[in-house]
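Visitor: So that we are looking at the same thing, I have put the structure below in structure tokens.
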Number of protein chains: 4
Amino acid sequence: MAPPVAMALILGSLVALAVLLRRWLGRGRLYRIIFEADTPAGKGFDVVLLLAIVASVLSVVLESDPRLRVRYMVPFGILEWGFTLLFGLEYVLRLLCVGQPLRYATSFYGVVDLVAILPTFLGLILPGSQSFLVVRILRLLRVFRILKLGEYLKESELLWQALVASRRKILVFLLTIITLVIVIGALMFLIEGEAGGFVSIPVGIYWAVVTITTVGYGDVAPVTPLGRFVASAVMLLGYSIIAVPTGILSVGLRDAHRQRRQSGRVCRRCGCTDHDSDARFCKACGAGL
Amino acid sequence: MAPPVAMALILGSLVALAVLLRRWLGRGRLYRIIFEADTPAGKGFDVVLLLAIVASVLSVVLESDPRLRVRYMVPFGILEWGFTLLFGLEYVLRLLCVGQPLRYATSFYGVVDLVAILPTFLGLILPGSQSFLVVRILRLLRVFRILKLGEYLKESELLWQALVASRRKILVFLLTIITLVIVIGALMFLIEGEAGGFVSIPVGIYWAVVTITTVGYGDVAPVTPLGRFVASAVMLLGYSIIAVPTGILSVGLRDAHRQRRQSGRVCRRCGCTDHDSDARFCKACGAGL
Amino acid sequence: MAPPVAMALILGSLVALAVLLRRWLGRGRLYRIIFEADTPAGKGFDVVLLLAIVASVLSVVLESDPRLRVRYMVPFGILEWGFTLLFGLEYVLRLLCVGQPLRYATSFYGVVDLVAILPTFLGLILPGSQSFLVVRILRLLRVFRILKLGEYLKESELLWQALVASRRKILVFLLTIITLVIVIGALMFLIEGEAGGFVSIPVGIYWAVVTITTVGYGDVAPVTPLGRFVASAVMLLGYSIIAVPTGILSVGLRDAHRQRRQSGRVCRRCGCTDHDSDARFCKACGAGL
Amino acid sequence: MAPPVAMALILGSLVALAVLLRRWLGRGRLYRIIFEADTPAGKGFDVVLLLAIVASVLSVVLESDPRLRVRYMVPFGILEWGFTLLFGLEYVLRLLCVGQPLRYATSFYGVVDLVAILPTFLGLILPGSQSFLVVRILRLLRVFRILKLGEYLKESELLWQALVASRRKILVFLLTIITLVIVIGALMFLIEGEAGGFVSIPVGIYWAVVTITTVGYGDVAPVTPLGRFVASAVMLLGYSIIAVPTGILSVGLRDAHRQRRQSGRVCRRCGCTDHDSDARFCKACGAGL
């Protein structure tokens, strides 16, 4: 049986099954189960989905091991197709019960949901593309959102806010680092030559990144005295400027904290907003808060 | 002599000796010596125990060296059994003189005390399990508590408090890192293949962790130009986000400090608690503190 | 044709072309196009220059790869001479339309602009010096300035200000580190000898820098028990003092932030400047701000 | 000539020369030249001493290189003895012109000055001890103090103050790390065995330190899947707790800064000391400062 025929058959059955399920449960009830988590059925659906996502990612990760793949070829195949059909059915159901299917399909979560099932079908045509299935882990984001992890998201929002507020400083820092590693990479290529493995400037740049970030694999390392001297200076530099992103984020995080603490405390008389969380009177005009 | 018979004999002698000691010293006095440290005898007991713990851990660590084990087999055997009998006697004495033996036996310290002597007996049946004796080092925690290291514990409590207060941010951060390393590990497996040692996705994930934490062993390292380019980006990412836990903890530690400084300064009129350590009047209502 | 003759011919044509261009466009208009970015022509010139710089750096970096250099020798040669002539023409034009040519030629940007074209000419006499062309990346600094990246520069100024304010602490820290690595390097040379590759004190110092900055290549690593013990202590030391530059910069950055927030808020009655950004009255004398 | 005779001769000539110099210059003038730096002669002496120290350390470092030692044996010997005699003469002069010679000889600087000349004499009896001459670098500390680097020392005092104030937190942190690496080292020894080079628990502990500090040589690295999984967890742990010393020091440094800013601002009416640097009135009682 040719792959296109098989794919058409599989998709057809999925759509048919989804339509049947929608007729049986009703669109509103289906929507509450799939998209919301405030009913027992909705919560159960999310828990099952979360477990299925974790299990499917684990299966893809383990299948990549050559020995395991050869030994457990059939179980891995069954698992892969089982999860793909399950997620495929879920995707069609989401399309069927949501108000604006097109808007869902082009949203971030819609694209992730689609990308999570495509590689298995692609694998029929292009062998080896199954490893892309690991993107299924991004689906966890949706489940996190649904499971009412509100407190956790508030924290991550704080982090995000601090990162966004520091984005210009971070960009300037990254541009400086990139300029530095290109100049240092070229310098080391000139100094070391091929002795320590510095066969070209790109390799020198790779070495500079490995060194300045203090990763230090050692696959490329200077061997000449001058090269080692320059390398030592580069390391001390990297060691010193690691403080920069930390300092940036530290300040950003503190500001984000302060901002949250003060939001919603606006003086009705003068409009001043920068109040401590326990202040009772406006510090600018003395009116009660 | 079969191991079970030997174990029964040893345990019997330990219990008999412990009962004799309790009768000789009296239960209350024994309790003060073993559990408290405000008498000379109690302090002396704790110092001896501390030295015995350090010596026993050192002996286990050194015994693991193949050359030393072969050369000093008999002294190591004597040391191991000596410390085990000493800690065993201490454990039975603790059980005998404490008010609620069952509650002690199931407490954290009770379990650690038991686990610190079990591996030697297990070694009679399962050779090689002596290395677990290294858990004896956890017994030091008890000695630290007993030796009135109050100031030090207050500091570590402050650290602990900051970590607990930041637990949500830390969890979000760790989940983000885990998601990142899985996706990056799969990507590098696809890009590099077996050339640089990326034989499976788990190995790719291991590499991603080694790289993003800036450890960088170099046992698995990219060799293709594209792989090295992606690896450089991953390193710069890891270098930048190392600032996140630092920023988180820095803020948490500052808050913990501030909280301690302000605790116990409650306004009796309005209940406001956020006062500077040197304030004389409540900043919310103006009443004297 | 001898290199000097070729160089004279090339430079002559460049100057002739530049003079023609200045006559055609007029000096004022040329100045606005080259040095400013508030007209469409000026902006277009900067965008083209930015792309040319990035492309020329990329070409130098890729040309250093031995395989690529052999395979694409002619295109690389054309690119190198093309960019050199372009930047040469630009340099002569800048000299021709600026008010004080000598002051421009000796300024930072003037020197960078000259250094960006010299290595190609040097390559005619000294083969292999083309790799220095990578300094062209420093020309990006000018383009950043021109493209009105004001906000970004304000951020980097803040970073710079924090670094300058902390320069003494950073210098003391670096001197301490340098003293440490020399003493540790000599110590490890004495302990390890040639077993782990510690063939001389300079190598020991190189190892100490690699270790204390947590880079850790592993090309030189201790193998004796005593050496590994000392190395472990050095690592814990390096791990602990990495906090020092972070702490220094963190404080410096906070102070720089505070300073900016408060600048420009001077009390007209008493001259006090340290006001919160939302204060309405001077905190020292009570006068309105 | 036997070494003891040579040493007696050398020491005799040094003392004789020193006595002559003291008679010629006078004790008070000699003291001002050697110990102080406010006269042109004193400043010149310090600059020469600084250069001599740097040159002698450099000479010891370079001499340790086997190839350089063989090729330049005679110049290195002359340099070593020249610097030793120079520093020896200086040491005797310091003893002769200081008020309490014994107190100087037992002070930190006195011991460093002596230790800086001893290894050369020891080298006559014990060949190979010359490498200890590298301790001469500690003599730089004295020169730094003399050259009126007051501002720099104030900064390093601030760092030192922050470290001392955080000493308990740092100790608790180090004890936690040491406990962790012992337990992790034993665990990895049990999991990995000799496959990845984990031949004993000490080696496992060495690996744990290398990993948790993110140094990562790669000379010992896990190869089994379980070992790599545990190693990944250890790395993430090390990556997260690197924030702890930074957070500790950051808080300590801020407190030290604040303390300095506020020192010397004591209210004469109520004794309150925690004032901003620009406050004009005591914030506790309202009296003028």
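Naming scheme: A, B, ... for chains in displayed order of the structure tokens; residues 1 onward per chain; ligands 1 onward as shown.
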Pull out every residue of chain B sitting within 10 Å of chain C, counting only C-alpha atoms, and send them as a PyMOL selection string.
Guide: chain B and resi 214-218+243+246-247+250
Visitor: At a cut-off of 12 Å, using only C-alpha atoms, what residues contact Val244 (chain D)? Leave out same-chain residues fewer than 3 positions from it and give the result as a PyMOL selection string.
Guide: (chain B and resi 156+158-160+162-163+243+245-253) or (chain C and resi 239-243+246-247) or (chain D and resi 166+169-174+176-177+237-241+247-251)
Visitor: In Å, rounded to a single decimal, give me how far CA of Arg139 (chain D) is from CA of Asp113 (chain D).
Guide: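 Value for the CA of Asp113 (chain D)-CA of Arg139 (chain D) distance: 6.7 Å.
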Visitor: Need to verify the contact set: Val203 (chain A), 12 Å, only C-alpha atoms, exclusion of same-chain residues closer than 4 positions in sequence. Can you return it as number ranges by chain?
Guide: A: 181-182, 184-190, 192-194, 196-199, 207-210, 219-221; B: 222-229, 232; C: 61-62, 64-66
Visitor: Would you mind exporting the chosen residues as an mmCIF file, in the first residue's frame, restricted to N, CA and C atoms?
Guide:
data_model
loop_
_atom_site.group_PDB
_atom_site.id
_atom_site.type_symbol
_atom_site.label_atom_id
_atom_site.label_comp_id
_atom_site.auth_asym_id
_atom_site.auth_seq_id
_atom_site.Cartn_x
_atom_site.Cartn_y
_atom_site.Cartn_z
ATOM 1 N N VAL A 181 34.378 37.672 20.434
ATOM 2 C CA VAL A 181 34.787 36.320 20.064
ATOM 3 C C VAL A 181 35.299 36.277 18.630
ATOM 4 N N ILE A 182 34.765 37.146 17.725
ATOM 5 C CA ILE A 182 35.276 37.155 16.347
ATOM 6 C C ILE A 182 36.712 37.665 16.335
ATOM 7 N N ILE A 184 38.879 37.788 18.897
ATOM 8 C CA ILE A 184 39.745 36.849 19.625
ATOM 9 C C ILE A 184 39.985 35.586 18.803
ATOM 10 N N GLY A 185 38.919 35.099 18.128
ATOM 11 C CA GLY A 185 39.051 33.897 17.300
ATOM 12 C C GLY A 185 40.067 34.095 16.190
ATOM 13 N N ALA A 186 40.018 35.285 15.530
ATOM 14 C CA ALA A 186 40.980 35.559 14.455
ATOM 15 C C ALA A 186 42.388 35.676 15.014
ATOM 16 N N LEU A 187 42.505 36.318 16.185
ATOM 17 C CA LEU A 187 43.809 36.489 16.814
ATOM 18 C C LEU A 187 44.445 35.136 17.144
ATOM 19 N N MET A 188 43.660 34.244 17.730
ATOM 20 C CA MET A 188 44.201 32.940 18.113
ATOM 21 C C MET A 188 44.544 32.108 16.881
ATOM 22 N N PHE A 189 43.764 32.279 15.802
ATOM 23 C CA PHE A 189 44.089 31.579 14.548
ATOM 24 C C PHE A 189 45.451 32.019 14.046
ATOM 25 N N LEU A 190 45.727 33.324 14.171
ATOM 26 C CA LEU A 190 47.021 33.833 13.730
ATOM 27 C C LEU A 190 48.153 33.360 14.634
ATOM 28 N N GLU A 192 48.174 30.678 16.989
ATOM 29 C CA GLU A 192 48.354 29.244 17.205
ATOM 30 C C GLU A 192 48.578 28.457 15.920
ATOM 31 N N GLY A 193 47.922 28.894 14.841
ATOM 32 C CA GLY A 193 48.010 28.108 13.624
ATOM 33 C C GLY A 193 47.358 26.754 13.848
ATOM 34 N N GLU A 194 47.820 25.730 13.163
ATOM 35 C CA GLU A 194 47.156 24.441 13.228
ATOM 36 C C GLU A 194 47.631 23.575 14.380
ATOM 37 N N GLY A 196 47.354 23.700 17.761
ATOM 38 C CA GLY A 196 46.369 23.344 18.778
ATOM 39 C C GLY A 196 45.002 23.036 18.196
ATOM 40 N N GLY A 197 44.911 22.920 16.876
ATOM 41 C CA GLY A 197 43.628 22.609 16.254
ATOM 42 C C GLY A 197 42.923 23.849 15.715
ATOM 43 N N PHE A 198 43.613 25.012 15.743
ATOM 44 C CA PHE A 198 42.990 26.239 15.242
ATOM 45 C C PHE A 198 43.163 26.298 13.721
ATOM 46 N N VAL A 199 42.424 25.450 12.988
ATOM 47 C CA VAL A 199 42.657 25.323 11.546
ATOM 48 C C VAL A 199 42.055 26.466 10.737
ATOM 49 N N TRP A 207 36.301 28.232 19.505
ATOM 50 C CA TRP A 207 37.124 28.118 20.703
ATOM 51 C C TRP A 207 36.893 29.311 21.629
ATOM 52 N N ALA A 208 36.802 30.510 21.054
ATOM 53 C CA ALA A 208 36.617 31.705 21.883
ATOM 54 C C ALA A 208 35.300 31.640 22.639
ATOM 55 N N VAL A 209 34.231 31.170 21.972
ATOM 56 C CA VAL A 209 32.942 31.033 22.658
ATOM 57 C C VAL A 209 33.065 29.997 23.772
ATOM 58 N N VAL A 210 33.676 28.843 23.445
ATOM 59 C CA VAL A 210 33.839 27.774 24.438
ATOM 60 C C VAL A 210 34.612 28.289 25.652
ATOM 61 N N ASP A 219 38.609 20.239 23.277
ATOM 62 C CA ASP A 219 38.855 19.627 21.959
ATOM 63 C C ASP A 219 39.758 20.531 21.114
ATOM 64 N N VAL A 220 39.619 21.849 21.315
ATOM 65 C CA VAL A 220 40.550 22.812 20.719
ATOM 66 C C VAL A 220 41.172 23.564 21.896
ATOM 67 N N ALA A 221 42.484 23.526 22.022
ATOM 68 C CA ALA A 221 43.139 24.190 23.152
ATOM 69 C C ALA A 221 44.516 24.657 22.719
ATOM 70 N N PRO B 222 30.818 18.702 19.519
ATOM 71 C CA PRO B 222 30.479 18.773 18.095
ATOM 72 C C PRO B 222 31.728 18.885 17.230
ATOM 73 N N VAL B 223 31.684 18.295 16.044
ATOM 74 C CA VAL B 223 32.811 18.400 15.113
ATOM 75 C C VAL B 223 32.412 19.027 13.779
ATOM 76 N N THR B 224 31.119 18.995 13.416
ATOM 77 C CA THR B 224 30.712 19.592 12.146
ATOM 78 C C THR B 224 30.549 21.101 12.319
ATOM 79 N N PRO B 225 30.763 21.884 11.233
ATOM 80 C CA PRO B 225 30.615 23.347 11.350
ATOM 81 C C PRO B 225 29.238 23.754 11.868
ATOM 82 N N LEU B 226 28.151 23.149 11.322
ATOM 83 C CA LEU B 226 26.811 23.527 11.772
ATOM 84 C C LEU B 226 26.634 23.191 13.254
ATOM 85 N N GLY B 227 27.105 21.998 13.646
ATOM 86 C CA GLY B 227 27.002 21.593 15.054
ATOM 87 C C GLY B 227 27.718 22.559 15.964
ATOM 88 N N ARG B 228 28.906 23.004 15.534
ATOM 89 C CA ARG B 228 29.663 23.936 16.367
ATOM 90 C C ARG B 228 28.992 25.297 16.441
ATOM 91 N N PHE B 229 28.319 25.677 15.360
ATOM 92 C CA PHE B 229 27.599 26.946 15.366
ATOM 93 C C PHE B 229 26.436 26.881 16.367
ATOM 94 N N SER B 232 27.747 26.903 19.865
ATOM 95 C CA SER B 232 28.134 28.236 20.320
ATOM 96 C C SER B 232 26.924 29.017 20.818
ATOM 97 N N VAL C 61 36.356 35.600 7.432
ATOM 98 C CA VAL C 61 36.244 34.456 8.342
ATOM 99 C C VAL C 61 36.202 33.148 7.538
ATOM 100 N N LEU C 62 35.376 33.132 6.483
ATOM 101 C CA LEU C 62 35.233 31.892 5.709
ATOM 102 C C LEU C 62 36.502 31.597 4.908
ATOM 103 N N SER C 64 39.458 31.885 5.751
ATOM 104 C CA SER C 64 40.519 31.279 6.565
ATOM 105 C C SER C 64 40.423 29.754 6.584
ATOM 106 N N ASP C 65 39.260 29.208 6.194
ATOM 107 C CA ASP C 65 39.124 27.743 6.154
ATOM 108 C C ASP C 65 39.946 27.215 4.975
ATOM 109 N N PRO C 66 40.915 26.307 5.222
ATOM 110 C CA PRO C 66 41.818 25.879 4.138
ATOM 111 C C PRO C 66 41.065 25.288 2.942
#
Visitor: Quote the spacing between CA of Ile33 (chain C) and CA of Leu14 (chain C) in Å to one decimal place.
Guide: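 Rounded to one decimal, the two atoms are 18.6 Å apart.
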Visitor: Go through C:Tyr104, C:Tyr31, C:Phe87, C:Tyr206 and flag the residue nearest Ala231 (chain A), using only C-alpha atoms for the distances.
Guide: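 Smallest separation from Ala231 (chain A) among the options: C:Tyr206.
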Visitor: Using the chain letters and numbers from this document, which residues of region 7-188 of chain B does DSSP assign to alpha helix (DSSP H), as a ChimeraX atom specification?
Guide: /B:7-25,27-35,40-63,66-71,73-97,101-106,108-115,118-125,140-146,150-165,167-188
Visitor: Residues at most 12 Å from Phe45 (chain C), counting only C-alpha atoms, excluding those fewer than 2 positions away in the same chain, as a list in words?
Guide: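 Everything that qualifies: Leu30, Tyr31, Arg32, Ile33, Ile34, Phe35, Glu36, Ala37, Asp38, Thr39, Pro40, Ala41, Gly42, Lys43, Val47, Val48, Leu49, Leu50, Leu51, Ala52, Glu90, Val143, Ile146 and Leu147 of chain C.
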Visitor: What does the distance from CA of Gly88 (chain C) to CA of Ala8 (chain C) come to in Å, to one decimal?
Guide: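 So the answer is 13.1 Å.
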